[in-house]
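Text of run_1.txt (compact mmCIF, C-alpha atoms) as supplied:
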```txt
# COMPACT_ATOMS: atom_id res chain seq x y z
CA MET T 4 94.28 23.11 -100.41
CA LYS T 5 91.08 24.63 -99.00
CA GLU T 6 91.24 27.95 -97.16
CA GLN T 7 90.60 27.94 -93.43
CA VAL T 8 87.15 29.00 -92.27
CA THR T 9 87.50 31.31 -89.26
CA ARG T 10 85.47 33.89 -87.38
CA ARG T 11 85.62 37.21 -89.21
CA THR T 12 84.65 40.57 -87.72
CA LEU T 13 83.30 43.14 -90.17
CA SER T 14 82.77 46.77 -89.25
CA VAL T 15 80.30 48.56 -91.51
CA LEU T 16 79.34 52.25 -91.51
CA VAL T 17 75.85 52.83 -92.89
CA GLU T 18 73.16 55.49 -93.15
CA ASN T 19 71.21 55.72 -89.91
CA THR T 20 67.80 55.31 -91.56
CA ALA T 21 64.92 52.86 -91.34
CA GLY T 22 65.37 49.63 -93.29
CA VAL T 23 69.15 49.73 -93.62
CA LEU T 24 69.79 46.91 -91.13
CA SER T 25 67.20 44.77 -92.91
CA GLN T 26 68.85 45.48 -96.27
CA VAL T 27 72.31 44.53 -94.96
CA SER T 28 71.12 41.35 -93.22
CA ARG T 29 69.14 40.26 -96.32
CA LEU T 30 72.38 40.44 -98.32
CA PHE T 31 73.94 37.85 -96.00
CA SER T 32 70.86 35.65 -96.26
CA ARG T 33 70.79 35.81 -100.08
CA LYS T 34 74.46 34.79 -100.24
CA GLY T 35 73.87 31.91 -97.80
CA TYR T 36 76.04 33.29 -94.97
CA ASN T 37 74.98 32.85 -91.37
CA ILE T 38 75.54 35.87 -89.14
CA GLU T 39 77.14 34.64 -85.90
CA SER T 40 76.80 37.98 -84.11
CA LEU T 41 75.31 41.36 -85.01
CA ALA T 42 75.39 44.63 -83.08
CA VAL T 43 74.30 48.02 -84.38
CA GLY T 44 74.14 51.54 -82.97
CA ALA T 45 74.57 55.19 -83.88
CA THR T 46 78.09 56.63 -84.03
CA ASP T 47 79.32 60.04 -82.92
CA ASP T 48 77.53 61.30 -86.07
CA PRO T 49 73.78 60.70 -85.61
CA GLN T 50 73.42 60.31 -89.39
CA ILE T 51 75.68 57.21 -89.37
CA SER T 52 75.35 53.83 -87.65
CA ARG T 53 78.05 51.22 -87.16
CA ILE T 54 77.16 47.58 -87.66
CA THR T 55 79.53 44.98 -86.24
CA ILE T 56 78.95 41.64 -87.94
CA GLU T 57 80.70 38.38 -87.14
CA VAL T 58 80.58 35.57 -89.69
CA MET T 59 82.41 32.30 -90.25
CA GLY T 60 84.21 32.32 -93.58
CA ASP T 61 87.42 32.00 -95.53
CA ASP T 62 89.30 34.82 -97.30
CA ALA T 63 87.39 34.43 -100.58
CA ALA T 64 83.94 34.38 -98.97
CA THR T 65 84.79 37.34 -96.76
CA ALA T 66 86.09 39.37 -99.72
CA GLN T 67 82.93 38.54 -101.68
CA ILE T 68 80.54 39.63 -98.94
CA MET T 69 82.57 42.82 -98.30
CA ASN T 70 82.43 43.70 -102.02
CA GLN T 71 78.67 43.08 -102.05
CA LEU T 72 78.25 45.31 -98.99
CA ARG T 73 80.27 48.11 -100.64
CA LYS T 74 77.83 48.08 -103.58
CA GLN T 75 74.91 48.93 -101.30
CA PHE T 76 73.84 52.56 -101.61
CA CYS T 77 73.36 52.89 -97.82
CA VAL T 78 76.88 51.62 -96.98
CA TYR T 79 79.67 54.18 -96.50
CA SER T 80 82.53 51.93 -95.42
CA VAL T 81 83.30 48.23 -94.87
CA GLN T 82 86.37 46.89 -93.12
CA GLU T 83 87.44 43.51 -91.80
CA LEU T 84 88.99 43.97 -88.37
CA GLN T 85 92.12 41.91 -87.82
CA PRO T 86 92.19 40.11 -84.45
CA ASP T 87 95.67 41.37 -83.54
CA ARG T 88 94.73 44.99 -84.36
CA SER T 89 91.27 45.19 -82.82
CA ILE T 90 89.39 45.07 -79.55
CA ARG T 91 86.24 42.92 -79.38
CA ARG T 92 83.80 43.00 -76.47
CA GLU T 93 80.32 41.79 -75.67
CA LEU T 94 77.93 42.53 -72.82
CA VAL T 95 76.40 39.45 -71.21
CA MET T 96 73.78 39.63 -68.46
CA PHE T 97 73.14 36.63 -66.21
CA LYS T 98 70.19 36.25 -63.85
CA VAL T 99 71.22 33.57 -61.35
CA ARG T 100 69.27 31.74 -58.68
CA ALA T 101 70.53 32.97 -55.26
CA GLU T 102 68.10 32.02 -52.52
CA THR T 103 70.47 32.11 -49.52
CA SER T 104 73.05 34.59 -48.32
CA ASP T 105 75.81 31.96 -48.67
CA VAL T 106 74.93 31.41 -52.34
CA ARG T 107 74.71 35.17 -52.93
CA ASN T 108 78.19 35.59 -51.38
CA GLU T 109 79.63 32.84 -53.61
CA ILE T 110 78.14 34.45 -56.71
CA ILE T 111 79.45 37.87 -55.65
CA GLN T 112 82.95 36.36 -55.31
CA ILE T 113 82.70 34.92 -58.84
CA ALA T 114 81.50 38.31 -60.11
CA ASN T 115 84.50 40.01 -58.46
CA ILE T 116 86.96 37.55 -60.02
CA PHE T 117 85.53 38.24 -63.49
CA ARG T 118 85.12 41.98 -62.84
CA ALA T 119 81.40 41.68 -63.48
CA SER T 120 78.90 44.16 -62.06
CA ILE T 121 75.96 43.23 -59.89
CA ILE T 122 73.11 45.17 -61.44
CA ASP T 123 70.10 43.77 -59.58
CA VAL T 124 69.52 41.96 -56.30
CA SER T 125 66.35 40.27 -55.14
CA VAL T 126 65.53 37.78 -52.41
CA GLN T 127 65.82 34.87 -54.86
CA SER T 128 68.25 36.02 -57.55
CA LEU T 129 71.23 38.15 -58.56
CA THR T 130 71.67 39.75 -61.97
CA LEU T 131 75.23 40.26 -63.19
CA ALA T 132 76.63 42.17 -66.16
CA LEU T 133 79.90 41.07 -67.73
CA ILE T 134 81.87 42.76 -70.50
CA GLY T 135 84.45 40.67 -72.30
CA ASP T 136 85.20 38.25 -75.10
CA GLU T 137 83.62 34.83 -75.69
CA SER T 138 86.08 32.89 -73.53
CA LYS T 139 85.49 35.12 -70.50
CA ALA T 140 81.71 34.92 -70.90
CA GLU T 141 81.78 31.15 -71.37
CA ALA T 142 84.02 30.63 -68.33
CA MET T 143 81.74 32.70 -66.11
CA GLN T 144 78.65 30.98 -67.51
CA LYS T 145 80.10 27.57 -66.72
CA LEU T 146 80.70 28.58 -63.08
CA LEU T 147 77.25 30.16 -62.70
CA GLU T 148 75.45 27.12 -64.14
CA THR T 149 76.01 25.26 -60.86
CA PHE T 150 73.77 27.82 -59.11
CA GLY T 151 71.08 27.81 -61.81
CA ILE T 152 70.99 30.44 -64.54
CA LEU T 153 67.43 31.74 -64.75
CA GLU T 154 68.06 33.97 -67.78
CA LEU T 155 70.97 34.97 -69.98
CA VAL T 156 71.18 37.62 -72.69
CA ARG T 157 74.09 38.62 -74.96
CA THR T 158 74.37 41.82 -76.96
CA GLY T 159 76.59 40.51 -79.75
CA MET T 160 80.16 41.62 -80.33
CA VAL T 161 81.17 45.20 -80.85
CA ALA T 162 84.68 45.95 -82.06
CA LEU T 163 87.10 48.79 -82.80
CA GLU T 164 90.61 48.87 -84.16
CA ARG T 165 93.37 49.46 -81.63
CA GLY T 166 95.34 52.69 -81.46
CA ALA T 167 94.80 55.63 -83.79
CA TYR T 168 93.32 53.58 -86.66
CA THR T 169 89.68 54.21 -87.54
CA ILE T 170 87.26 52.70 -90.00
CA SER T 171 87.19 55.93 -91.97
CA ASP T 172 90.95 56.62 -92.21
CA GLU T 173 90.76 56.87 -96.00
CA ARG T 174 88.05 59.53 -95.87
CA LYS T 175 89.91 61.47 -93.17
CA GLU T 176 93.16 61.46 -95.16
CA THR T 177 91.33 62.68 -98.27
CA THR T 178 89.56 65.40 -96.30
CA GLU T 179 92.77 66.55 -94.62
CA PHE T 180 94.60 66.54 -97.96
CA ASN T 181 91.86 68.62 -99.62
CA ILE T 182 91.75 71.08 -96.74
CA GLY T 183 95.52 71.54 -96.99
CA LYS T 184 95.24 72.20 -100.75
CA ASN T 185 92.58 74.85 -100.25
CA ILE T 186 94.71 76.70 -97.71
CA LEU T 187 97.73 76.86 -99.98
```
How does this structure look as structure tokens?
Amino acid sequence: MKEQVTRRTLSVLVENTAGVLSQVSRLFSRKGYNIESLAVGATDDPQISRITIEVMGDDAATAQIMNQLRKQFCVYSVQELQPDRSIRRELVMFKVRAETSDVRNEIIQIANIFRASIIDVSVQSLTLALIGDESKAEAMQKLLETFGILELVRTGMVALERGAYTISDERKETTEFNIGKNIL
């Protein structure tokens, strides 16, 4: 029986230096994995960046790519985020044709239903920003298509574990344990 291929969300802490993103993405390319979504940015520590990568894969393929990532000198931590224990969000911006006040009002009502923000208004268009998961973005996109989407841009998914869990729990536990030892 073949394992099920599903969307996997990987959270990777790396050095915040030039070339690291290229090195990580080349690893996926060499192994023949397509990156479905990629988002990267600095963390609360300016020396460290977090890369959120979404790929389609089964358990074996995911374990293989995570092990390969861990071998990279620039990688501090790799974790697969479980859907039931994580929060995933994406920013999507829509520029929509809105040439009359009636059309603008209809689009504003749709934005309100989806809790989207209106971030730009012109005589001929509205630009909306939506934060949510794929299903929310796709539902709003489908409704806005009837008005004419002039442009659309997506950031890629970002994700965090729910509750008190963090990607670096192991390092924190070790640090806390060592601090406690030094005090005693």
inquiry  = For range 49-53 of chain T, find every residue with an atom within 6 Å (counting all atoms listed in the file), except residues of its own chain fewer than 4 positions away, and show them as a PyMOL selection string.
reply    = chain T and resi 15-19+43-45
task = For CA of Asn115 in chain T and CA of Gly159 in chain T, quote the distance in Å rounded to one decimal.
result = 22.7 Å
request  = Kindly indicate which residue among T:Asp123, T:Glu154, T:Asp105, T:Glu93 lies nearest to Lys139 in chain T, using all atoms listed in the file for the distances.
outcome  = T:Glu93
request  = In Å, rounded to a single decimal, give me how far CA of Thr12 in chain T is from CA of Arg88 in chain T.
outcome  =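 Going from CA of Arg88 in chain T over to CA of Thr12 in chain T, I get 11.5 Å.
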note = CA of Met59 in chain T sits from CA of Thr9 in chain T at a separation of 5.3 Å
key: Among the residues T:Val124, T:Leu133, T:Ile170, T:Ile113, the one that comes closest to Phe150 in chain T [using all atoms listed in the file]   =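 That would be T:Ile113, the residue with the smallest distance to Phe150 in chain T.
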task = Write out as a list in words which residues come within 12 Å of Ile111 in chain T when counting all atoms listed in the file, dropping same-chain ones fewer than 6 positions away.
result =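 The residues satisfying every condition are Val99, Ala101, Ser104, Asp105, Phe117, Arg118, Ala119, Ser120, Ile121, Ile122, Asp123, Val124, Ser128, Leu129, Thr130, Leu131, Ala132, Met143, Leu146 and Leu147 of chain T.
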ask   = Near Lys34 in chain T, counting only C-alpha atoms, which residues have an atom at most 10 Å away, once you skip same-chain residues fewer than 4 positions from it, shown as a PyMOL selection string?
value = chain T and resi 29-30+64+67-68+71
message = Please list as a PyMOL selection string every residue within 12 Å of range 76-87 of chain T, counting all atoms listed in the file and excluding residues in the same chain fewer than 4 positions away.
response = chain T and resi 9-27+50-58+60+62+65-72+91-92+136+161-166+168-174
